[in-house]
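> Below is the file query31.csv, with CSV, C-alpha atoms.
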```csv
chain,number,residue,atom,x,y,z
A,81,MET,CA,48.6,143.6,-76.8
A,82,LYS,CA,46.5,141.3,-74.7
A,83,SER,CA,43.5,141.9,-77.0
A,84,LEU,CA,45.7,140.9,-80.0
A,85,LEU,CA,46.8,137.7,-78.3
A,86,LEU,CA,43.2,136.9,-77.5
A,87,GLN,CA,42.0,137.7,-81.0
A,88,TYR,CA,44.7,135.5,-82.6
A,89,LYS,CA,44.7,132.8,-79.9
A,90,PRO,CA,43.3,130.0,-82.2
A,91,PHE,CA,45.9,130.8,-84.8
A,92,LEU,CA,48.7,131.0,-82.3
A,93,LEU,CA,47.7,127.7,-80.7
A,94,PHE,CA,47.6,126.1,-84.1
A,95,LEU,CA,51.0,127.5,-84.9
A,96,GLY,CA,52.5,126.4,-81.6
A,97,LYS,CA,51.2,122.9,-81.8
A,98,PHE,CA,52.3,122.6,-85.4
A,99,LEU,CA,55.8,123.8,-84.7
A,100,LEU,CA,56.2,121.8,-81.5
A,101,THR,CA,55.1,118.6,-83.2
A,102,TYR,CA,57.1,119.2,-86.3
A,103,VAL,CA,60.3,120.0,-84.4
A,104,LEU,CA,59.8,117.0,-82.0
A,105,LEU,CA,59.2,114.5,-84.9
A,106,THR,CA,62.1,116.0,-86.9
A,107,VAL,CA,64.5,115.6,-84.0
A,108,ILE,CA,63.4,112.0,-83.5
A,109,TYR,CA,63.8,111.3,-87.2
A,110,GLN,CA,67.2,113.0,-87.3
A,111,SER,CA,68.4,110.9,-84.3
A,112,TYR,CA,67.2,107.8,-86.2
A,113,LEU,CA,69.1,108.8,-89.3
A,114,ASN,CA,72.2,109.5,-87.3
A,115,ARG,CA,72.4,105.8,-86.4
A,116,PHE,CA,73.5,105.1,-90.0
A,117,GLU,CA,76.9,105.9,-91.4
A,118,ALA,CA,76.3,107.9,-94.6
A,119,ASP,CA,80.0,108.4,-95.1
A,120,GLN,CA,80.2,104.5,-95.4
A,121,ASN,CA,77.3,104.5,-97.9
A,122,GLU,CA,74.9,103.0,-95.3
A,123,VAL,CA,71.2,103.4,-96.2
A,124,ASP,CA,68.7,103.8,-93.4
A,125,SER,CA,66.4,100.8,-92.9
A,126,PHE,CA,63.2,102.6,-93.8
A,127,SER,CA,64.6,103.7,-97.1
A,128,GLN,CA,65.8,100.1,-97.7
A,129,LEU,CA,62.2,99.0,-97.0
A,130,VAL,CA,60.9,101.5,-99.5
A,131,ALA,CA,63.4,100.2,-102.1
A,132,ASN,CA,62.4,96.6,-101.4
A,133,GLN,CA,58.7,97.4,-101.8
A,134,THR,CA,59.3,99.4,-104.9
A,135,GLN,CA,61.2,96.4,-106.4
A,136,SER,CA,58.3,94.2,-105.5
A,137,VAL,CA,55.9,96.5,-107.4
A,138,LEU,CA,58.2,96.8,-110.4
A,139,THR,CA,58.6,93.1,-110.7
A,140,LEU,CA,54.8,93.0,-111.4
A,141,PHE,CA,55.7,94.8,-114.7
A,142,ASP,CA,59.1,93.2,-115.4
A,143,ALA,CA,60.6,90.2,-113.8
A,144,LYS,CA,64.1,91.6,-114.4
A,145,ALA,CA,63.5,94.6,-112.1
A,146,HIS,CA,65.8,94.7,-109.2
A,147,ILE,CA,67.6,96.9,-106.7
A,148,GLU,CA,71.2,97.0,-105.5
A,149,ALA,CA,73.2,99.1,-103.1
A,150,HIS,CA,75.0,102.0,-104.7
A,151,PRO,CA,78.8,101.4,-104.3
A,152,THR,CA,79.8,105.1,-103.8
A,153,GLU,CA,76.9,106.8,-102.1
A,154,PRO,CA,74.2,106.1,-99.5
A,155,SER,CA,71.5,105.1,-101.9
A,156,ILE,CA,69.9,102.1,-103.7
A,157,LYS,CA,70.0,101.8,-107.4
A,158,ILE,CA,66.8,100.7,-109.2
A,159,PHE,CA,67.0,98.7,-112.4
A,160,TYR,CA,64.0,98.2,-114.7
A,161,LYS,CA,64.1,96.0,-117.8
A,162,GLY,CA,67.8,95.5,-117.1
A,163,GLN,CA,68.6,99.2,-117.2
A,164,TYR,CA,69.7,101.4,-114.4
A,165,ILE,CA,66.8,103.9,-114.1
A,166,SER,CA,67.0,105.7,-110.8
A,167,ARG,CA,68.2,105.6,-107.2
A,168,ILE,CA,66.4,105.8,-103.9
A,169,ILE,CA,67.9,108.2,-101.3
A,170,GLU,CA,66.7,109.0,-97.8
A,171,GLY,CA,64.5,111.8,-99.1
A,172,CYS,CA,62.5,109.3,-101.2
A,173,ASN,CA,61.1,107.4,-98.2
A,174,ALA,CA,58.4,110.1,-97.6
A,175,LEU,CA,59.0,110.2,-93.9
A,176,SER,CA,59.5,114.0,-94.0
A,177,VAL,CA,56.1,114.2,-95.8
A,178,VAL,CA,54.5,112.0,-93.1
A,179,ILE,CA,56.0,114.3,-90.4
A,180,LEU,CA,54.5,117.3,-92.1
A,181,PHE,CA,51.1,115.5,-92.4
A,182,ILE,CA,51.1,114.4,-88.7
A,183,SER,CA,52.1,117.9,-87.5
A,184,PHE,CA,49.2,119.5,-89.3
A,185,VAL,CA,46.7,116.9,-88.1
A,186,VAL,CA,47.9,117.4,-84.5
A,187,ALA,CA,47.8,121.1,-84.8
A,188,PHE,CA,44.2,121.0,-85.9
A,189,THR,CA,43.1,119.1,-82.9
A,190,GLY,CA,40.5,116.4,-83.0
A,191,LYS,CA,39.3,113.7,-80.6
A,192,PHE,CA,42.3,111.6,-79.5
A,193,LYS,CA,41.1,108.3,-81.0
A,194,GLN,CA,40.0,109.8,-84.3
A,195,THR,CA,43.3,111.7,-84.5
A,196,LEU,CA,45.4,108.6,-83.8
A,197,ILE,CA,43.4,106.5,-86.4
A,198,PHE,CA,43.6,109.3,-89.0
A,199,ILE,CA,47.3,109.7,-88.5
A,200,LEU,CA,47.9,105.9,-88.8
A,201,LEU,CA,45.7,105.4,-91.8
A,202,GLY,CA,46.9,108.6,-93.5
A,203,SER,CA,50.6,107.6,-92.9
A,204,VAL,CA,50.0,104.2,-94.4
A,205,LEU,CA,48.2,105.7,-97.4
A,206,ILE,CA,51.1,108.1,-97.9
A,207,HIS,CA,53.6,105.3,-97.7
A,208,VAL,CA,51.7,103.0,-100.2
A,209,LEU,CA,51.2,105.9,-102.6
A,210,ASN,CA,54.8,106.8,-102.3
A,211,ILE,CA,55.8,103.2,-103.3
A,212,ALA,CA,53.4,103.4,-106.3
A,213,ARG,CA,54.8,106.9,-107.1
A,214,ILE,CA,58.4,105.6,-107.2
A,215,ALA,CA,57.5,102.6,-109.3
A,216,LEU,CA,55.5,104.6,-111.8
A,217,LEU,CA,58.3,107.2,-111.9
A,218,CYS,CA,60.8,104.4,-112.8
A,219,ILE,CA,58.5,103.1,-115.5
A,220,ALA,CA,57.9,106.6,-116.9
A,221,LEU,CA,61.7,107.3,-116.8
A,222,TYR,CA,62.4,104.1,-118.7
A,223,HIS,CA,60.0,105.1,-121.5
A,224,TYR,CA,60.5,108.9,-121.4
A,225,PRO,CA,64.0,109.7,-120.0
A,226,ARG,CA,64.0,113.1,-121.6
A,227,PHE,CA,61.2,114.2,-119.3
A,228,GLU,CA,63.0,113.3,-116.1
A,229,HIS,CA,63.0,116.9,-114.8
A,230,ILE,CA,59.3,117.4,-115.2
A,231,LEU,CA,58.4,113.8,-114.0
A,232,HIS,CA,60.7,113.8,-111.0
A,233,GLY,CA,60.6,117.5,-110.1
A,234,VAL,CA,57.0,118.5,-110.9
A,235,ILE,CA,54.4,115.8,-111.6
A,236,PHE,CA,55.3,113.2,-109.0
A,237,PRO,CA,55.9,115.6,-106.1
A,238,LEU,CA,52.6,117.2,-107.0
A,239,VAL,CA,50.9,113.9,-106.7
A,240,ILE,CA,52.3,113.1,-103.2
A,241,TYR,CA,51.8,116.6,-101.9
A,242,GLY,CA,48.3,116.8,-103.5
A,243,ILE,CA,47.3,113.7,-101.6
A,244,VAL,CA,48.6,115.1,-98.4
A,245,PHE,CA,46.7,118.3,-99.0
A,246,LEU,CA,43.5,116.3,-99.7
A,247,LEU,CA,44.0,114.4,-96.5
A,248,TRP,CA,44.3,117.7,-94.6
A,249,VAL,CA,41.1,119.0,-96.1
A,250,VAL,CA,39.3,115.9,-95.1
A,251,TRP,CA,40.7,116.1,-91.6
A,252,VAL,CA,39.8,119.8,-91.1
A,253,ASN,CA,36.3,119.5,-92.6
A,254,LYS,CA,35.3,116.1,-91.2
A,255,PHE,CA,37.2,115.1,-88.1
A,256,SER,CA,38.9,118.0,-86.4
A,257,LEU,CA,37.3,119.9,-83.5
A,258,HIS,CA,37.1,122.9,-85.9
A,259,ALA,CA,34.8,120.8,-88.1
A,260,THR,CA,32.5,120.0,-85.2
A,261,THR,CA,32.3,123.6,-84.0
A,262,THR,CA,31.6,125.0,-87.4
A,263,ALA,CA,29.0,122.3,-88.1
A,264,LYS,CA,27.1,123.3,-85.0
A,265,LYS,CA,26.9,127.0,-86.0
```
Please rewrite the model in this file as structure tokens.


Amino acid sequence: MKSLLLQYKPFLLFLGKFLLTYVLLTVIYQSYLNRFEADQNEVDSFSQLVANQTQSVLTLFDAKAHIEAHPTEPSIKIFYKGQYISRIIEGCNALSVVILFISFVVAFTGKFKQTLIFILLGSVLIHVLNIARIALLCIALYHYPRFEHILHGVIFPLVIYGIVFLLWVVWVNKFSLHATTTAKK
């Protein structure tokens, strides 16, 4: 048994750090969300920020683009060219994606300063791309509403998760301690 633990020690350390970071960040995020009254249709402030920034991007394409609070659920309605197109819910803010990203980076240990900078820059990149993703999705839904399922359910999630995957590949191959040890061999 001891030899198995030694043999799989790197994997077990990775898994332990990943799970510990993921659970810790998820608990923090859930405690943040619990401050808002979903049964009173209250939207968390980060999702509101995402909606405001999406509106700013959409107004570049149409001055009539705007957002408004949904009257019967905790979400924000997005209007484009005067038409109700979509809504932003808590899951649209990409914070769960950022938590997943951070957990993986922490699990694949790197130097502290590089890790912190990569996490900050990666999180900002994910946020900016998420805003662009939501805005482009709204424009696509306006023009091609019949493709809502494939646009919202396949293409746009593939974009955001694809970017996260590419960031992970860059992290593992360029900045993690794994990259420096394999480069020396």

> Which residues are near Val250 in chain A? Cut-off 12 Å, only C-alpha atoms, ignore same chain within fewer than 4 positions. Put them as a ChimeraX atom specification.

/A:185,188,198,202,243-246,254-256,258-259

> Which residues are near range 224-238 of chain A? Cut-off 12 Å, only C-alpha atoms, ignore same chain within fewer than 3 positions. Put them as a PyMOL selection string.

chain A and resi 163-167+171-172+174+177+209-221+241-246

> Here is a test: counting only C-alpha atoms, which residue of A:Leu175, A:Leu201, A:Leu140, A:Ala145 is nearest to Ile108 in chain A?

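Under the stated criterion, the closest residue is A:Leu175.
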
> Calculate how many Å separate CA of Ala187 in chain A from CA of Leu99 in chain A, rounding to one decimal.

8.4 Å

> For range 151-154 of chain A, list every protein, DNA or RNA residue within 12 Å, evaluated using only C-alpha atoms, and leave out those in the same chain fewer than 2 positions away; present the list as a PyMOL selection string.

chain A and resi 113+116-125+127-128+148-149+156-157+167-171

> Take the residues from that selection and put them in a file with C-alpha atoms, as a compact mmCIF listing (two decimals), in the coordinates of the input.


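Saved file again08.txt follows:
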```txt
# COMPACT_ATOMS: atom_id res chain seq x y z
CA LEU A 113 69.10 108.80 -89.30
CA PHE A 116 73.50 105.10 -90.00
CA GLU A 117 76.90 105.90 -91.40
CA ALA A 118 76.30 107.90 -94.60
CA ASP A 119 80.00 108.40 -95.10
CA GLN A 120 80.20 104.50 -95.40
CA ASN A 121 77.30 104.50 -97.90
CA GLU A 122 74.90 103.00 -95.30
CA VAL A 123 71.20 103.40 -96.20
CA ASP A 124 68.70 103.80 -93.40
CA SER A 125 66.40 100.80 -92.90
CA SER A 127 64.60 103.70 -97.10
CA GLN A 128 65.80 100.10 -97.70
CA GLU A 148 71.20 97.00 -105.50
CA ALA A 149 73.20 99.10 -103.10
CA ILE A 156 69.90 102.10 -103.70
CA LYS A 157 70.00 101.80 -107.40
CA ARG A 167 68.20 105.60 -107.20
CA ILE A 168 66.40 105.80 -103.90
CA ILE A 169 67.90 108.20 -101.30
CA GLU A 170 66.70 109.00 -97.80
CA GLY A 171 64.50 111.80 -99.10
```

> What is the CA of Leu180 in chain A to CA of Val204 in chain A distance in Å?

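Calculated distance between CA of Leu180 in chain A and CA of Val204 in chain A is 14.0 Å.
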
> Work out how far apart CA of Gly96 in chain A and CA of Ile182 in chain A are and give it in Å to one decimal.

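Taking CA of Gly96 in chain A and CA of Ile182 in chain A, their separation equals 14.0 Å.
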
> Would you be able to write out as a list in words which residues have an atom within 8 Å of (63.5, 96.6, -119.2) in the file's coordinates, counting all atoms listed in the file?

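Checked against the point, the hits come out as Asp142, Lys144, Ala145, Phe159, Tyr160, Lys161, Gly162, Gln163 and Tyr222 of chain A.
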
> With distances taken over all atoms listed in the file, which residue among A:Leu257, A:Ile199, A:Val137, A:Ile179 lies nearest Val107 in chain A?

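Going through A:Leu257, A:Ile199, A:Val137, A:Ile179 one by one, the smallest distance to Val107 in chain A is for A:Ile179.
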
> Which residue is closest to Gln133 in chain A? Choose from A:Asn253, A:Asn173, A:Ser83, A:Thr189 and count all atoms listed in the file.

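Smallest separation from Gln133 in chain A among the options: A:Asn173.
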
> Starting from the block above, write range 138-153 of chain A out to a file with all heavy atoms, as a compact mmCIF listing (two decimals), in the first residue's frame, please.


```txt
# COMPACT_ATOMS: atom_id res chain seq x y z
N LEU A 138 -23.04 45.87 -25.98
CA LEU A 138 -24.13 45.82 -26.95
C LEU A 138 -24.48 47.19 -27.50
O LEU A 138 -24.89 47.31 -28.66
CB LEU A 138 -25.37 45.16 -26.33
CG LEU A 138 -25.32 43.65 -26.19
CD1 LEU A 138 -26.51 43.14 -25.40
CD2 LEU A 138 -25.24 42.98 -27.55
N THR A 139 -24.34 48.24 -26.69
CA THR A 139 -24.66 49.59 -27.18
C THR A 139 -23.68 50.04 -28.26
O THR A 139 -23.98 50.98 -29.00
CB THR A 139 -24.71 50.62 -26.04
OG1 THR A 139 -23.47 50.62 -25.35
CG2 THR A 139 -25.86 50.35 -25.10
N LEU A 140 -22.54 49.39 -28.36
CA LEU A 140 -21.62 49.67 -29.47
C LEU A 140 -22.25 49.27 -30.80
O LEU A 140 -21.93 49.84 -31.84
CB LEU A 140 -20.29 48.94 -29.28
CG LEU A 140 -19.46 49.32 -28.06
CD1 LEU A 140 -18.26 48.38 -27.93
CD2 LEU A 140 -19.00 50.77 -28.15
N PHE A 141 -23.13 48.27 -30.77
CA PHE A 141 -23.77 47.75 -31.98
C PHE A 141 -25.16 48.34 -32.20
O PHE A 141 -25.63 48.39 -33.33
CB PHE A 141 -23.86 46.22 -31.93
CG PHE A 141 -22.52 45.55 -31.83
CD1 PHE A 141 -22.03 45.12 -30.60
CD2 PHE A 141 -21.74 45.38 -32.96
CE1 PHE A 141 -20.79 44.51 -30.51
CE2 PHE A 141 -20.49 44.77 -32.88
CZ PHE A 141 -20.02 44.34 -31.65
N ASP A 142 -25.83 48.72 -31.12
CA ASP A 142 -27.16 49.30 -31.22
C ASP A 142 -27.41 50.16 -29.99
O ASP A 142 -27.40 49.67 -28.86
CB ASP A 142 -28.22 48.20 -31.30
CG ASP A 142 -29.63 48.75 -31.48
OD1 ASP A 142 -29.85 49.95 -31.30
OD2 ASP A 142 -30.52 47.96 -31.83
N ALA A 143 -27.67 51.44 -30.21
CA ALA A 143 -27.86 52.38 -29.11
C ALA A 143 -29.09 52.03 -28.26
O ALA A 143 -29.19 52.45 -27.12
CB ALA A 143 -27.98 53.80 -29.65
N LYS A 144 -30.01 51.25 -28.82
CA LYS A 144 -31.23 50.89 -28.08
C LYS A 144 -31.04 49.67 -27.18
O LYS A 144 -31.98 49.26 -26.52
CB LYS A 144 -32.38 50.65 -29.05
CG LYS A 144 -32.87 51.92 -29.75
CD LYS A 144 -34.15 51.65 -30.50
CE LYS A 144 -33.82 51.04 -31.84
NZ LYS A 144 -34.98 50.85 -32.71
N ALA A 145 -29.87 49.08 -27.16
CA ALA A 145 -29.64 47.92 -26.30
C ALA A 145 -29.69 48.38 -24.84
O ALA A 145 -29.15 49.42 -24.48
CB ALA A 145 -28.28 47.29 -26.60
N HIS A 146 -30.39 47.60 -24.03
CA HIS A 146 -30.45 47.94 -22.61
C HIS A 146 -30.78 46.70 -21.79
O HIS A 146 -31.13 45.65 -22.34
CB HIS A 146 -31.48 49.05 -22.36
CG HIS A 146 -32.90 48.64 -22.55
ND1 HIS A 146 -33.49 48.53 -23.78
CD2 HIS A 146 -33.85 48.30 -21.64
CE1 HIS A 146 -34.75 48.15 -23.64
NE2 HIS A 146 -35.00 47.99 -22.35
N ILE A 147 -30.67 46.86 -20.49
CA ILE A 147 -31.00 45.78 -19.57
C ILE A 147 -32.03 46.28 -18.57
O ILE A 147 -32.15 47.49 -18.36
CB ILE A 147 -29.76 45.26 -18.81
CG1 ILE A 147 -29.11 46.38 -18.01
CG2 ILE A 147 -28.77 44.62 -19.77
CD1 ILE A 147 -28.00 45.93 -17.07
N GLU A 148 -32.77 45.35 -18.00
CA GLU A 148 -33.68 45.71 -16.91
C GLU A 148 -33.88 44.48 -16.03
O GLU A 148 -33.75 43.34 -16.48
CB GLU A 148 -35.01 46.26 -17.41
CG GLU A 148 -35.69 45.52 -18.50
CD GLU A 148 -36.97 46.20 -19.00
OE1 GLU A 148 -36.88 47.22 -19.71
OE2 GLU A 148 -38.05 45.67 -18.69
N ALA A 149 -34.18 44.75 -14.77
CA ALA A 149 -34.41 43.66 -13.83
C ALA A 149 -35.63 42.86 -14.25
O ALA A 149 -36.63 43.41 -14.70
CB ALA A 149 -34.61 44.23 -12.42
N HIS A 150 -35.51 41.55 -14.12
CA HIS A 150 -36.65 40.68 -14.42
C HIS A 150 -37.63 40.79 -13.27
O HIS A 150 -37.24 40.70 -12.11
CB HIS A 150 -36.17 39.24 -14.59
CG HIS A 150 -37.15 38.37 -15.29
ND1 HIS A 150 -38.34 37.97 -14.72
CD2 HIS A 150 -37.12 37.81 -16.53
CE1 HIS A 150 -38.99 37.20 -15.57
NE2 HIS A 150 -38.27 37.09 -16.68
N PRO A 151 -38.92 40.98 -13.55
CA PRO A 151 -39.88 41.21 -12.46
C PRO A 151 -40.23 39.97 -11.63
O PRO A 151 -40.66 40.10 -10.49
CB PRO A 151 -41.12 41.75 -13.18
CG PRO A 151 -41.00 41.21 -14.56
CD PRO A 151 -39.54 41.11 -14.86
N THR A 152 -40.04 38.77 -12.19
CA THR A 152 -40.51 37.58 -11.48
C THR A 152 -39.43 36.56 -11.15
O THR A 152 -39.75 35.48 -10.64
CB THR A 152 -41.61 36.88 -12.31
OG1 THR A 152 -41.05 36.50 -13.58
CG2 THR A 152 -42.81 37.78 -12.51
N GLU A 153 -38.18 36.85 -11.45
CA GLU A 153 -37.11 35.91 -11.13
C GLU A 153 -35.79 36.67 -10.94
O GLU A 153 -35.65 37.79 -11.41
CB GLU A 153 -36.95 34.85 -12.22
CG GLU A 153 -36.64 35.42 -13.59
CD GLU A 153 -36.59 34.34 -14.67
OE1 GLU A 153 -37.60 33.65 -14.87
OE2 GLU A 153 -35.53 34.22 -15.30
```
